[in-house]
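J.: Have a look at this one before I ask anything.
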Amino acid sequence: MSTSIISICNMALAWIGTNRIAALTENSPGAQICSQFYDPARLQTLRDHQWNFAQSRATLALVDVPAEYPEYAYAYAWPDKCLRAHKVYLNGNDYDFTVVLGPDGASRMILTNTPDAVLSFTADVSDPTLFDPLYARALARRLAADAGTVIFKNNPQKMQELETYYLNEVRKAQAKDAEEGTPDNDTEIPWITARTI
């Protein structure tokens, strides 16, 4: 069976002991919870690990360097669908870069001293049929943990348990992706490393 938003939601709802749903539009507590938390959970889970299935590359589009950053020779527009920038490189060499808010205050940009830069990044993948099974399971754990802040608001131990399950799922995925070969060196997420048991 292919992965769907509803299958991910129902996995999360089972873990928090709430009834299954057939659609996000139905009038039920489970559907309301999933409608509220699904997309933020999807985005956070994508950012929390360098998932193989979501890796992409783009040659960056040059823009003007903001006057307040004279130490950088080049500025580039933030690529469409980029959730997390991993590496700026040219001809196989990695270069330092920084991400800043653009002068318009509504977009991000990448600053570096590299001409003709290419960016390796995690893309915003929303089609559940493209999700790796490990990602789908981690997303369901993230969704359960987020929903748990509402359902178990008077039970901090249960909320912590759900958060720990999520962190452990991400760590398992990191180990599996390492066996399969990651596109670039995955940077440890410090808060996941520190809190995983």
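Just remember, in the structure tokens the first chain shown is A, the second B, etc., residues are 1-based per chain, and ligands are 1-based in the order shown.
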Could you build a table of the residues in segment 5-86 of chain A lying no more than 7 Å from segment 135-154 of chain A, giving for each the nearest pair of atoms and their separation in Å rounded to one decimal place, using only C-alpha atoms, ordered by chain and ascending residue number, as JSON lines?
T.:
{"residue": "A:Ile8", "atom": "CA", "partner": "A:Ala140", "partner_atom": "CA", "distance": 5.4}
{"residue": "A:Cys9", "atom": "CA", "partner": "A:Ala140", "partner_atom": "CA", "distance": 6.4}
{"residue": "A:Met11", "atom": "CA", "partner": "A:Ala140", "partner_atom": "CA", "distance": 6.0}
{"residue": "A:Ala12", "atom": "CA", "partner": "A:Ala144", "partner_atom": "CA", "distance": 4.7}
{"residue": "A:Leu13", "atom": "CA", "partner": "A:Ala144", "partner_atom": "CA", "distance": 6.6}
{"residue": "A:Trp15", "atom": "CA", "partner": "A:Ala144", "partner_atom": "CA", "distance": 6.6}
{"residue": "A:Ile16", "atom": "CA", "partner": "A:Ala144", "partner_atom": "CA", "distance": 6.2}
{"residue": "A:Ile33", "atom": "CA", "partner": "A:Ala147", "partner_atom": "CA", "distance": 6.3}
{"residue": "A:Phe37", "atom": "CA", "partner": "A:Leu143", "partner_atom": "CA", "distance": 6.4}
{"residue": "A:Tyr38", "atom": "CA", "partner": "A:Leu143", "partner_atom": "CA", "distance": 6.2}
{"residue": "A:Ala41", "atom": "CA", "partner": "A:Leu143", "partner_atom": "CA", "distance": 5.5}
{"residue": "A:Arg42", "atom": "CA", "partner": "A:Leu139", "partner_atom": "CA", "distance": 6.0}
{"residue": "A:Thr45", "atom": "CA", "partner": "A:Leu139", "partner_atom": "CA", "distance": 5.9}
J.: Save the residues we just selected, N, CA and C atoms, as a PDB file, in the first residue's frame?
T.:
ATOM      1  N   ILE A   8      -0.348   8.212   7.257  1.00  0.00           N
ATOM      2  CA  ILE A   8       0.588   8.780   8.236  1.00  0.00           C
ATOM      3  C   ILE A   8      -0.176   9.321   9.445  1.00  0.00           C
ATOM      4  N   CYS A   9      -1.276  10.019   9.178  1.00  0.00           N
ATOM      5  CA  CYS A   9      -2.088  10.554  10.272  1.00  0.00           C
ATOM      6  C   CYS A   9      -2.637   9.436  11.148  1.00  0.00           C
ATOM      7  N   MET A  11      -1.409   6.470  11.626  1.00  0.00           N
ATOM      8  CA  MET A  11      -0.328   5.896  12.426  1.00  0.00           C
ATOM      9  C   MET A  11      -0.111   6.753  13.677  1.00  0.00           C
ATOM     10  N   ALA A  12      -0.062   8.068  13.484  1.00  0.00           N
ATOM     11  CA  ALA A  12       0.135   8.978  14.620  1.00  0.00           C
ATOM     12  C   ALA A  12      -1.029   8.889  15.604  1.00  0.00           C
ATOM     13  N   LEU A  13      -2.244   8.852  15.079  1.00  0.00           N
ATOM     14  CA  LEU A  13      -3.425   8.793  15.951  1.00  0.00           C
ATOM     15  C   LEU A  13      -3.461   7.488  16.745  1.00  0.00           C
ATOM     16  N   TRP A  15      -0.858   5.901  17.834  1.00  0.00           N
ATOM     17  CA  TRP A  15       0.137   6.028  18.897  1.00  0.00           C
ATOM     18  C   TRP A  15      -0.333   6.910  20.050  1.00  0.00           C
ATOM     19  N   ILE A  16      -1.280   7.796  19.783  1.00  0.00           N
ATOM     20  CA  ILE A  16      -1.791   8.623  20.890  1.00  0.00           C
ATOM     21  C   ILE A  16      -3.160   8.151  21.369  1.00  0.00           C
ATOM     22  N   ILE A  33      -6.957  17.598  14.683  1.00  0.00           N
ATOM     23  CA  ILE A  33      -5.561  17.557  15.143  1.00  0.00           C
ATOM     24  C   ILE A  33      -4.609  17.430  13.959  1.00  0.00           C
ATOM     25  N   PHE A  37      -1.653  20.046  12.719  1.00  0.00           N
ATOM     26  CA  PHE A  37      -0.251  19.729  12.973  1.00  0.00           C
ATOM     27  C   PHE A  37       0.501  19.046  11.826  1.00  0.00           C
ATOM     28  N   TYR A  38      -0.202  18.511  10.830  1.00  0.00           N
ATOM     29  CA  TYR A  38       0.482  17.703   9.821  1.00  0.00           C
ATOM     30  C   TYR A  38       1.581  18.471   9.092  1.00  0.00           C
ATOM     31  N   ALA A  41       4.619  19.483  11.134  1.00  0.00           N
ATOM     32  CA  ALA A  41       5.383  18.277  11.479  1.00  0.00           C
ATOM     33  C   ALA A  41       6.170  17.772  10.272  1.00  0.00           C
ATOM     34  N   ARG A  42       5.570  17.832   9.091  1.00  0.00           N
ATOM     35  CA  ARG A  42       6.256  17.402   7.865  1.00  0.00           C
ATOM     36  C   ARG A  42       7.502  18.244   7.624  1.00  0.00           C
ATOM     37  N   THR A  45      10.255  17.554  10.330  1.00  0.00           N
ATOM     38  CA  THR A  45      10.889  16.250  10.143  1.00  0.00           C
ATOM     39  C   THR A  45      11.847  16.285   8.956  1.00  0.00           C
TER      40      THR A  45
END
J.: If we count only C-alpha atoms, what is near segment 77-82 of chain A at a cut-off of 9 Å, once residues fewer than 2 positions away on the same chain are taken out, given as a list in words?
T.: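 Surrounding residues, per the criterion: Ser56, Ala58, Thr59, Leu60, Ala61, Leu62, Val63, Ala75, Arg84, Ala85, Val99, Gly102, Ser107, Arg108, Met109, Ile110, Leu119, Phe121, Thr122, Ala123, Asp124 and Val125 of chain A.
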J.: Just C-alpha atoms for this one: save the residues we selected as a PDB file, in the first residue's frame.
T.:
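The result, stored in part04.pdb:
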ATOM      1  CA  SER A  56      18.527  18.234  -4.290  1.00  0.00           C
ATOM      2  CA  ALA A  58      20.772  23.859  -7.684  1.00  0.00           C
ATOM      3  CA  THR A  59      23.092  26.290  -9.403  1.00  0.00           C
ATOM      4  CA  LEU A  60      22.429  29.481  -7.486  1.00  0.00           C
ATOM      5  CA  ALA A  61      21.096  32.687  -9.024  1.00  0.00           C
ATOM      6  CA  LEU A  62      23.348  35.679  -8.417  1.00  0.00           C
ATOM      7  CA  VAL A  63      21.860  38.774  -6.716  1.00  0.00           C
ATOM      8  CA  ALA A  75      25.103  36.795  -2.856  1.00  0.00           C
ATOM      9  CA  ARG A  84      17.701  23.484   4.672  1.00  0.00           C
ATOM     10  CA  ALA A  85      20.983  24.447   3.008  1.00  0.00           C
ATOM     11  CA  VAL A  99      22.208  32.388   5.236  1.00  0.00           C
ATOM     12  CA  GLY A 102      17.256  39.505   2.226  1.00  0.00           C
ATOM     13  CA  SER A 107      13.162  36.181   1.596  1.00  0.00           C
ATOM     14  CA  ARG A 108      16.437  34.502   2.490  1.00  0.00           C
ATOM     15  CA  MET A 109      19.701  34.707   0.608  1.00  0.00           C
ATOM     16  CA  ILE A 110      23.024  32.882   0.636  1.00  0.00           C
ATOM     17  CA  LEU A 119      23.968  24.451  -3.341  1.00  0.00           C
ATOM     18  CA  PHE A 121      19.980  21.182   0.102  1.00  0.00           C
ATOM     19  CA  THR A 122      16.976  19.410   1.552  1.00  0.00           C
ATOM     20  CA  ALA A 123      13.952  20.099  -0.631  1.00  0.00           C
ATOM     21  CA  ASP A 124      10.386  20.699   0.505  1.00  0.00           C
ATOM     22  CA  VAL A 125       8.875  17.376  -0.603  1.00  0.00           C
TER      23      VAL A 125
END
J.: List every residue of segment 6-173 of chain A that DSSP, applied to the backbone of this structure, places in strand (DSSP E), and write the result as a PyMOL selection string.
T.: chain A and resi 55-59+62-63+74-77+82-90+93-95+97-101+108-112+118-123
J.: Enter the distance from atom CA of Ala173 of chain A to atom CA of Leu90 of chain A, in Å, rounded to one decimal.
T.: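 Spanning atom CA of Ala173 of chain A to atom CA of Leu90 of chain A is a straight-line distance of 28.8 Å.
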J.: In Å, with one decimal, what is the gap from atom CA of Asn113 of chain A to atom CA of Leu43 of chain A?
T.: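 Rounded to one decimal, the two atoms are 29.5 Å apart.
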J.: Find the spatial neighbours of Leu111 of chain A, counting only C-alpha atoms, within a cut-off of 9 Å - ignore same-chain residues fewer than 2 positions away - and output them as a list in words.
T.: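 Contacts, with the query itself left out: Val65, Tyr69, Tyr72, Ala73, Tyr74, Ala75, Tyr76, Asp96, Phe97, Thr98, Val99, Val100, Met109, Asn113 and Thr114 of chain A.
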J.: I need the chosen residues saved as a CSV table (one decimal), in the first residue's frame, with C-alpha atoms.
T.:
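Here's the written file part33.csv:
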chain,number,residue,atom,x,y,z
A,65,VAL,CA,25.4,41.7,-2.1
A,69,TYR,CA,27.8,42.4,4.3
A,72,TYR,CA,31.2,38.6,1.1
A,73,ALA,CA,31.9,38.8,-2.6
A,74,TYR,CA,28.8,37.0,-3.8
A,75,ALA,CA,25.1,36.8,-2.9
A,76,TYR,CA,22.6,34.3,-4.2
A,96,ASP,CA,31.9,28.6,3.7
A,97,PHE,CA,28.6,30.3,3.4
A,98,THR,CA,26.0,32.0,5.6
A,99,VAL,CA,22.2,32.4,5.2
A,100,VAL,CA,20.7,35.8,5.9
A,109,MET,CA,19.7,34.7,0.6
A,113,ASN,CA,33.0,34.1,-1.5
A,114,THR,CA,32.4,31.5,-4.2
J.: Hey, can you check how far atom CA of Asp48 of chain A sits from atom CA of Leu162 of chain A?
T.: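 Distance reported for this atom pair: 16.1 Å.
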